[in-house]
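Taking it in order: structure first as structure tokens, then the write-up.
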Amino acid sequence: MSLPLPLSRMLVTSALGATALLGGQVALAQQKVDPAKSEITFVSKQMGVPVEGRFRKFDAQVSFDPKKPEAGKIAFSIDLGSTTVSPDADAELPKAVWFNVPKFPLATFQSGAIKAAGPGKFEVAGKLAIKGSSRDVVVPVTLTQAGAVTTANGSFAIKRLDFKIGEGDWADTSMVANDVQVKFKLTLSGVGPL
Amino acid sequence: MPPPSSAPGARYGLTAIALHWLLALAILAAFAVGLYMHELPLSPQRLKLYSWHKWAGVCILLLSVLRLVWRITHRPPPLSDQMTAAMPAWQRAAHHGVHHLMYLLFFTVPLVGWAYSSAAGFPVVLFGVLPLPDFVPADKALAEAIKPLHALSAFALIGLVLLHVGAALKHQWIDRDGLLDRMNPFKRA
């Protein structure tokens with residue numbers, strides 16, 4: 001007995017799909033980020049005064065093997081509504097001139113090329129998108145391992161006006177500097193040894 | 001031996017006079033800005049005024065150190081016999097008491113303001129370029145505890161300034177004893 005053609009094609013397709021999925025899982029086992037032990041912070045300067053802020057909610061998908069960094073993929077999404085700086089600022093940041101959270105709730109990062117840059121060091125190139133603008137960035141990452149836990153540290157600078165963060169009166173960089181330093185510490189499990 | 005006295009018209013030195021008026025202006029300006037800025041909504045204007053207020057406070061603190069050193073090393077001219085004789089004991093006590101308390105607050109108000117800024121998580125960066133150390137940790141609860149002390153000490157200082165000005169004007173217009181000339185940079189003895 002022969003199956004009707006469409007059905008057999010469907011089965012073949014699903015089988016291929018399942019294999020691909022399985023293969024994907026084997027080759028790129030997802031590493032888990034422990035949000036409670038991870039943080040993404042940023043420092044902006046207000047008339048020379050460094051002011052630190054923090055994103056309370058973010059999500060990361062990491063598939064990364066230190067032995068094969070070029071095959072790795074890292075994606076982030078940060079809930080901009082969870083940004084906290086100070087009580088005054090927290091009330092302003094969701095507004096249109098700053099993050100415009102109702103229209104652009106998420107900031108995202110999607111990695112492109114990942115290169116080794118020395119022992120435990122990597123350079124992650126990728127696209128950072130905030131508030132409808134996206135820019136290419138290169139993020140240096142340092143990995144350290146203790147037992148099964150891997151910690152990824154790094155920092156990079158962005159120009160807030162590239163993303164229209166702070167418009168109108170707030171675009172004045174003598175008040176709030178254009179450079180914003182972003183720092184992160186991520187605690188990961190399931191990363192292969194360095 | 002009676003305390004030394006000076007002729008009517010003896011003045012403070014020019015350095016003391018310059019510091020007195022410079023600090024009088026700076027303190028009144030910082031107080032006025034402080035009163036105005038804290039009710040503003042978050043804006044570049046508010047940020048600017050807060051920074052200026054903090055820088056003014058640090059300058060007031062530094063100039064007050066200089067002034068105190070100068071005051072200790074350069075005794076002011078004593079009041080004339082005529083003035084001293086006209087003052088009841090409580091006025092003489094108030095005259096010293098108000099001056100001492102004002103000096104105390106010249107240091108207290110800016111130091112407490114600086115501590116509040118640090119506790120609130122905003123270290124003071126003088127003129128936007130020189131970071132000053134934090135002598136208290138960044139701690140929200142501490143900031144909330146310090147905040148009213150800054151306002152209270154500032155209002156106390158302004159209250160004393162009003163007493164001080166009122167007393168000077170009484171000497172000028174009621175007693176007509178020429179006391180105000182002691183601080184007049186333009187009037188030569």
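Labels for the structure tokens follow display order: chains A, B, ..., residues from 1 in each chain, ligands from 1.
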Q.
Neighbouring residues of Gly166 of chain A were defined as those with any atom within 12 Å, considering only C-alpha atoms; residues of the same chain fewer than 5 positions away were excluded. Please report them as a PyMOL selection string.
A. (chain A and resi 44+89+92-100+131+159-161+171-173+175-178+180) or (chain B and resi 43-44)
For those residues, write N, CA and C atoms to a file as a compact mmCIF listing (two decimals), in the first residue's frame.
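As written to disk, again-v7.txt reads:
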# COMPACT_ATOMS: atom_id res chain seq x y z
N SER A 44 25.60 56.48 33.28
CA SER A 44 25.57 57.70 32.47
C SER A 44 26.16 58.81 33.32
N ALA A 89 13.96 59.54 38.27
CA ALA A 89 14.26 59.16 36.89
C ALA A 89 13.35 58.02 36.43
N GLU A 92 10.37 59.00 34.67
CA GLU A 92 10.57 59.69 33.39
C GLU A 92 11.00 58.75 32.27
N LEU A 93 11.80 57.74 32.64
CA LEU A 93 12.43 56.90 31.61
C LEU A 93 11.47 56.23 30.64
N PRO A 94 10.27 55.79 31.07
CA PRO A 94 9.37 55.15 30.09
C PRO A 94 8.78 56.13 29.08
N LYS A 95 8.92 57.44 29.32
CA LYS A 95 8.28 58.42 28.45
C LYS A 95 8.95 58.50 27.07
N ALA A 96 8.22 59.13 26.15
CA ALA A 96 8.64 59.13 24.74
C ALA A 96 10.03 59.71 24.53
N VAL A 97 10.42 60.75 25.29
CA VAL A 97 11.72 61.36 25.03
C VAL A 97 12.87 60.45 25.47
N TRP A 98 12.61 59.55 26.39
CA TRP A 98 13.67 58.62 26.82
C TRP A 98 13.54 57.29 26.08
N PHE A 99 12.99 56.26 26.74
CA PHE A 99 12.94 54.95 26.08
C PHE A 99 11.67 54.73 25.25
N ASN A 100 10.64 55.52 25.50
CA ASN A 100 9.35 55.30 24.84
C ASN A 100 8.91 53.84 24.99
N LYS A 131 14.84 51.37 20.83
CA LYS A 131 13.94 52.45 20.44
C LYS A 131 13.91 52.66 18.92
N LYS A 159 26.53 55.31 22.37
CA LYS A 159 26.17 56.74 22.33
C LYS A 159 24.65 56.81 22.42
N ARG A 160 24.16 57.42 23.48
CA ARG A 160 22.71 57.42 23.70
C ARG A 160 21.95 58.08 22.55
N LEU A 161 22.57 59.11 21.93
CA LEU A 161 21.85 59.82 20.88
C LEU A 161 21.74 59.00 19.59
N ALA A 171 18.55 66.23 24.86
CA ALA A 171 19.59 65.86 23.89
C ALA A 171 20.89 66.61 24.18
N ASP A 172 20.83 67.62 25.04
CA ASP A 172 22.00 68.42 25.40
C ASP A 172 23.02 67.53 26.14
N THR A 173 24.16 67.28 25.47
CA THR A 173 25.13 66.35 26.09
C THR A 173 25.99 67.02 27.16
N MET A 175 24.54 68.25 29.66
CA MET A 175 23.76 67.85 30.86
C MET A 175 23.95 66.36 31.11
N VAL A 176 23.58 65.58 30.11
CA VAL A 176 23.73 64.12 30.20
C VAL A 176 24.65 63.72 29.05
N ALA A 177 25.81 63.16 29.41
CA ALA A 177 26.82 62.84 28.40
C ALA A 177 26.26 61.86 27.37
N ASN A 178 26.80 61.93 26.17
CA ASN A 178 26.36 61.04 25.10
C ASN A 178 26.82 59.61 25.38
N VAL A 180 27.39 56.29 27.19
CA VAL A 180 26.81 55.52 28.29
C VAL A 180 27.55 54.18 28.33
N SER B 43 14.11 67.85 35.00
CA SER B 43 14.32 68.56 33.73
C SER B 43 15.80 68.93 33.68
N PRO B 44 16.30 69.30 32.49
CA PRO B 44 17.70 69.75 32.44
C PRO B 44 17.92 70.93 33.37
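The list of chain B residues within 10 Å of chain A is B:Pro41, B:Leu42, B:Ser43, B:Pro44, B:Gln45, B:Leu47, B:Lys48, B:Tyr50, B:Ser51, B:Trp52, B:Ala120, B:Gly121, B:Phe122, B:Pro123, B:Val124, B:Val125, B:Leu126, B:Phe127, B:Gly128, B:Val129, B:Leu130, B:Pro131, B:Lys140; this uses only C-alpha atoms.
Note that atom CA of Lys37 of chain A and atom CA of Thr187 of chain A are 5.8 Å apart.
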Q: Give the answer as one residue: which of A:Ala60, A:Ile165, A:Val191, A:Ala125 has the shortest atom-to-atom distance to Phe104 of chain A, using only C-alpha atoms?
A: A:Ile165
**Q.** Distance of atom CA of Tyr36 of chain B from atom CA of Glu144 of chain B, expressed in Å to one decimal place
**A.** 19.4 Å
Q.
With only C-alpha atoms as the counted atoms, please give the residues lying no more than 6 Å from Phe156 of chain A, apart from itself and same-chain residues fewer than 6 positions off, as a ChimeraX atom specification.
A. /A:139,181-182
Save out the residues we just selected, N, CA and C atoms, as an mmCIF file, in the first residue's frame.
data_model
loop_
_atom_site.group_PDB
_atom_site.id
_atom_site.type_symbol
_atom_site.label_atom_id
_atom_site.label_comp_id
_atom_site.auth_asym_id
_atom_site.auth_seq_id
_atom_site.Cartn_x
_atom_site.Cartn_y
_atom_site.Cartn_z
ATOM 1 N N VAL A 139 31.222 43.648 21.538
ATOM 2 C CA VAL A 139 31.185 43.531 22.991
ATOM 3 C C VAL A 139 32.302 42.595 23.448
ATOM 4 N N GLN A 181 28.081 53.860 29.489
ATOM 5 C CA GLN A 181 28.828 52.623 29.657
ATOM 6 C C GLN A 181 27.853 51.535 30.108
ATOM 7 N N VAL A 182 27.829 50.442 29.364
ATOM 8 C CA VAL A 182 26.951 49.321 29.730
ATOM 9 C C VAL A 182 27.840 48.213 30.274
#
Q.
Using DSSP secondary structure from the backbone, list all strand (DSSP E) positions within segment 5-159 of chain A, as number ranges by chain.
A. A: 32-33, 39-46, 49-55, 58-63, 73-79, 83-84, 106-116, 121-130, 133-146, 149-159
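Backbone DSSP over segment 45-128 of chain A yields alpha helix (DSSP H) at Pro87, Asp88, Ala89, Asp90, Ala91 and Glu92 of chain A.
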Preceding selection exported with C-alpha atoms as a compact mmCIF listing (two decimals), in the first residue's frame:
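Listed below is the output, selection.txt:
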# COMPACT_ATOMS: atom_id res chain seq x y z
CA PRO A 87 12.76 57.27 41.92
CA ASP A 88 12.68 60.58 40.00
CA ALA A 89 14.26 59.16 36.89
CA ASP A 90 12.22 55.94 36.96
CA ALA A 91 9.06 57.95 36.43
CA GLU A 92 10.57 59.69 33.39
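Closest approach to Thr73 of chain B among B:Ala16, B:Val136, B:Ala86, B:Ala151 is made by B:Ala16 (distances from only C-alpha atoms).
Coordinates place atom CA of Pro102 of chain A at a distance of 15.9 Å from atom CA of Lys57 of chain A.
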8 Å contact set for Lys185 of chain A, only C-alpha atoms, chain neighbours under 4 positions out, as a PDB file with N, CA and C atoms, in the first residue's frame:
ATOM      1  N   SER A  38      22.715  37.347  37.803  1.00  0.00           N
ATOM      2  CA  SER A  38      23.215  38.073  36.637  1.00  0.00           C
ATOM      3  C   SER A  38      22.724  39.510  36.727  1.00  0.00           C
ATOM      4  N   GLU A  39      23.469  40.410  36.123  1.00  0.00           N
ATOM      5  CA  GLU A  39      22.989  41.788  36.123  1.00  0.00           C
ATOM      6  C   GLU A  39      23.500  42.539  34.899  1.00  0.00           C
ATOM      7  N   ILE A  40      22.673  43.455  34.459  1.00  0.00           N
ATOM      8  CA  ILE A  40      23.087  44.369  33.396  1.00  0.00           C
ATOM      9  C   ILE A  40      22.876  45.780  33.938  1.00  0.00           C
ATOM     10  N   THR A 151      31.040  32.523  34.559  1.00  0.00           N
ATOM     11  CA  THR A 151      30.642  33.921  34.687  1.00  0.00           C
ATOM     12  C   THR A 151      31.179  34.694  33.493  1.00  0.00           C
ATOM     13  N   ALA A 152      30.299  35.447  32.874  1.00  0.00           N
ATOM     14  CA  ALA A 152      30.698  36.284  31.740  1.00  0.00           C
ATOM     15  C   ALA A 152      30.630  37.737  32.173  1.00  0.00           C
ATOM     16  N   ASN A 153      31.754  38.441  32.022  1.00  0.00           N
ATOM     17  CA  ASN A 153      31.815  39.855  32.388  1.00  0.00           C
ATOM     18  C   ASN A 153      32.212  40.672  31.182  1.00  0.00           C
ATOM     19  N   GLY A 154      31.716  41.872  31.144  1.00  0.00           N
ATOM     20  CA  GLY A 154      32.160  42.748  30.071  1.00  0.00           C
ATOM     21  C   GLY A 154      31.521  44.104  30.170  1.00  0.00           C
TER      22      GLY A 154
END
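The nearest approach to Leu160 of chain B among the residues B:Pro133, B:Pro110, B:Gly97, B:Gly57, with only C-alpha atoms taken into account, belongs to B:Gly97.
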(Q) At a cut-off of 12 Å, using only C-alpha atoms, what residues contact Leu35 of chain B? Leave out same-chain residues fewer than 3 positions from it and give the result as a ChimeraX atom specification. (A) /B:28-32,38-40,46,49-50,53,150-152,154-155,158
Write out, as a PDB file, in the first residue's frame, the residues just selected, with N, CA and C atoms.
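Wrote it out as result03.pdb, contents follow:
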ATOM      1  N   LEU B  28      23.225  83.285  50.552  1.00  0.00           N
ATOM      2  CA  LEU B  28      21.849  83.655  50.186  1.00  0.00           C
ATOM      3  C   LEU B  28      21.472  83.060  48.822  1.00  0.00           C
ATOM      4  N   ALA B  29      22.414  83.104  47.877  1.00  0.00           N
ATOM      5  CA  ALA B  29      22.129  82.563  46.543  1.00  0.00           C
ATOM      6  C   ALA B  29      21.903  81.052  46.620  1.00  0.00           C
ATOM      7  N   ALA B  30      22.766  80.352  47.350  1.00  0.00           N
ATOM      8  CA  ALA B  30      22.632  78.893  47.451  1.00  0.00           C
ATOM      9  C   ALA B  30      21.315  78.537  48.138  1.00  0.00           C
ATOM     10  N   PHE B  31      20.938  79.336  49.140  1.00  0.00           N
ATOM     11  CA  PHE B  31      19.677  79.080  49.846  1.00  0.00           C
ATOM     12  C   PHE B  31      18.486  79.281  48.898  1.00  0.00           C
ATOM     13  N   ALA B  32      18.515  80.384  48.149  1.00  0.00           N
ATOM     14  CA  ALA B  32      17.404  80.679  47.233  1.00  0.00           C
ATOM     15  C   ALA B  32      17.282  79.581  46.168  1.00  0.00           C
ATOM     16  N   HIS B  38      14.104  72.317  44.577  1.00  0.00           N
ATOM     17  CA  HIS B  38      13.663  71.005  45.040  1.00  0.00           C
ATOM     18  C   HIS B  38      12.206  70.702  44.678  1.00  0.00           C
ATOM     19  N   GLU B  39      11.480  71.728  44.203  1.00  0.00           N
ATOM     20  CA  GLU B  39      10.103  71.461  43.807  1.00  0.00           C
ATOM     21  C   GLU B  39       9.960  71.310  42.295  1.00  0.00           C
ATOM     22  N   LEU B  40      11.057  71.507  41.571  1.00  0.00           N
ATOM     23  CA  LEU B  40      10.979  71.407  40.106  1.00  0.00           C
ATOM     24  C   LEU B  40      10.795  69.958  39.677  1.00  0.00           C
ATOM     25  N   ARG B  46      16.485  71.582  36.248  1.00  0.00           N
ATOM     26  CA  ARG B  46      16.621  71.104  37.623  1.00  0.00           C
ATOM     27  C   ARG B  46      18.005  70.498  37.852  1.00  0.00           C
ATOM     28  N   LEU B  49      20.512  73.296  38.161  1.00  0.00           N
ATOM     29  CA  LEU B  49      20.440  74.010  39.436  1.00  0.00           C
ATOM     30  C   LEU B  49      20.980  73.163  40.581  1.00  0.00           C
ATOM     31  N   TYR B  50      20.680  71.860  40.569  1.00  0.00           N
ATOM     32  CA  TYR B  50      21.223  70.977  41.616  1.00  0.00           C
ATOM     33  C   TYR B  50      22.745  70.995  41.586  1.00  0.00           C
ATOM     34  N   HIS B  53      24.030  74.342  42.836  1.00  0.00           N
ATOM     35  CA  HIS B  53      23.812  74.427  44.282  1.00  0.00           C
ATOM     36  C   HIS B  53      24.915  73.637  45.028  1.00  0.00           C
ATOM     37  N   HIS B 150      19.515  68.645  56.332  1.00  0.00           N
ATOM     38  CA  HIS B 150      20.097  69.670  55.474  1.00  0.00           C
ATOM     39  C   HIS B 150      19.152  70.881  55.426  1.00  0.00           C
ATOM     40  N   ALA B 151      17.871  70.614  55.225  1.00  0.00           N
ATOM     41  CA  ALA B 151      16.887  71.706  55.153  1.00  0.00           C
ATOM     42  C   ALA B 151      16.821  72.436  56.496  1.00  0.00           C
ATOM     43  N   LEU B 152      16.761  71.649  57.578  1.00  0.00           N
ATOM     44  CA  LEU B 152      16.618  72.237  58.916  1.00  0.00           C
ATOM     45  C   LEU B 152      17.811  73.135  59.257  1.00  0.00           C
ATOM     46  N   ALA B 154      19.845  74.532  57.155  1.00  0.00           N
ATOM     47  CA  ALA B 154      19.858  75.695  56.255  1.00  0.00           C
ATOM     48  C   ALA B 154      18.869  76.759  56.737  1.00  0.00           C
ATOM     49  N   PHE B 155      17.678  76.324  57.150  1.00  0.00           N
ATOM     50  CA  PHE B 155      16.697  77.284  57.673  1.00  0.00           C
ATOM     51  C   PHE B 155      17.197  77.910  58.972  1.00  0.00           C
ATOM     52  N   ILE B 158      19.630  80.589  57.995  1.00  0.00           N
ATOM     53  CA  ILE B 158      18.956  81.774  57.462  1.00  0.00           C
ATOM     54  C   ILE B 158      18.251  82.534  58.589  1.00  0.00           C
TER      55      ILE B 158
END
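Using only C-alpha atoms, the protein and nucleic acid residues lying no more than 12 Å from Ala148 of chain A, apart from those fewer than 5 places from it along its own chain, are Gln31, Lys32, Thr187, Leu188, Ser189, Gly190, Val191, Gly192, Pro193 and Leu194 of chain A.
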Once you have the residues from the selection above, write them out as an mmCIF file, in the first residue's frame, restricted to C-alpha atoms.
data_model
loop_
_atom_site.group_PDB
_atom_site.id
_atom_site.type_symbol
_atom_site.label_atom_id
_atom_site.label_comp_id
_atom_site.auth_asym_id
_atom_site.auth_seq_id
_atom_site.Cartn_x
_atom_site.Cartn_y
_atom_site.Cartn_z
ATOM 1 C CA GLN A 31 23.354 27.334 28.135
ATOM 2 C CA LYS A 32 21.225 28.631 30.953
ATOM 3 C CA THR A 187 26.073 33.625 35.473
ATOM 4 C CA LEU A 188 25.714 30.673 33.131
ATOM 5 C CA SER A 189 25.458 26.960 33.559
ATOM 6 C CA GLY A 190 26.135 24.277 30.963
ATOM 7 C CA VAL A 191 29.035 26.023 29.255
ATOM 8 C CA GLY A 192 31.784 23.671 28.100
ATOM 9 C CA PRO A 193 35.241 24.044 29.665
ATOM 10 C CA LEU A 194 37.451 26.899 28.481
#
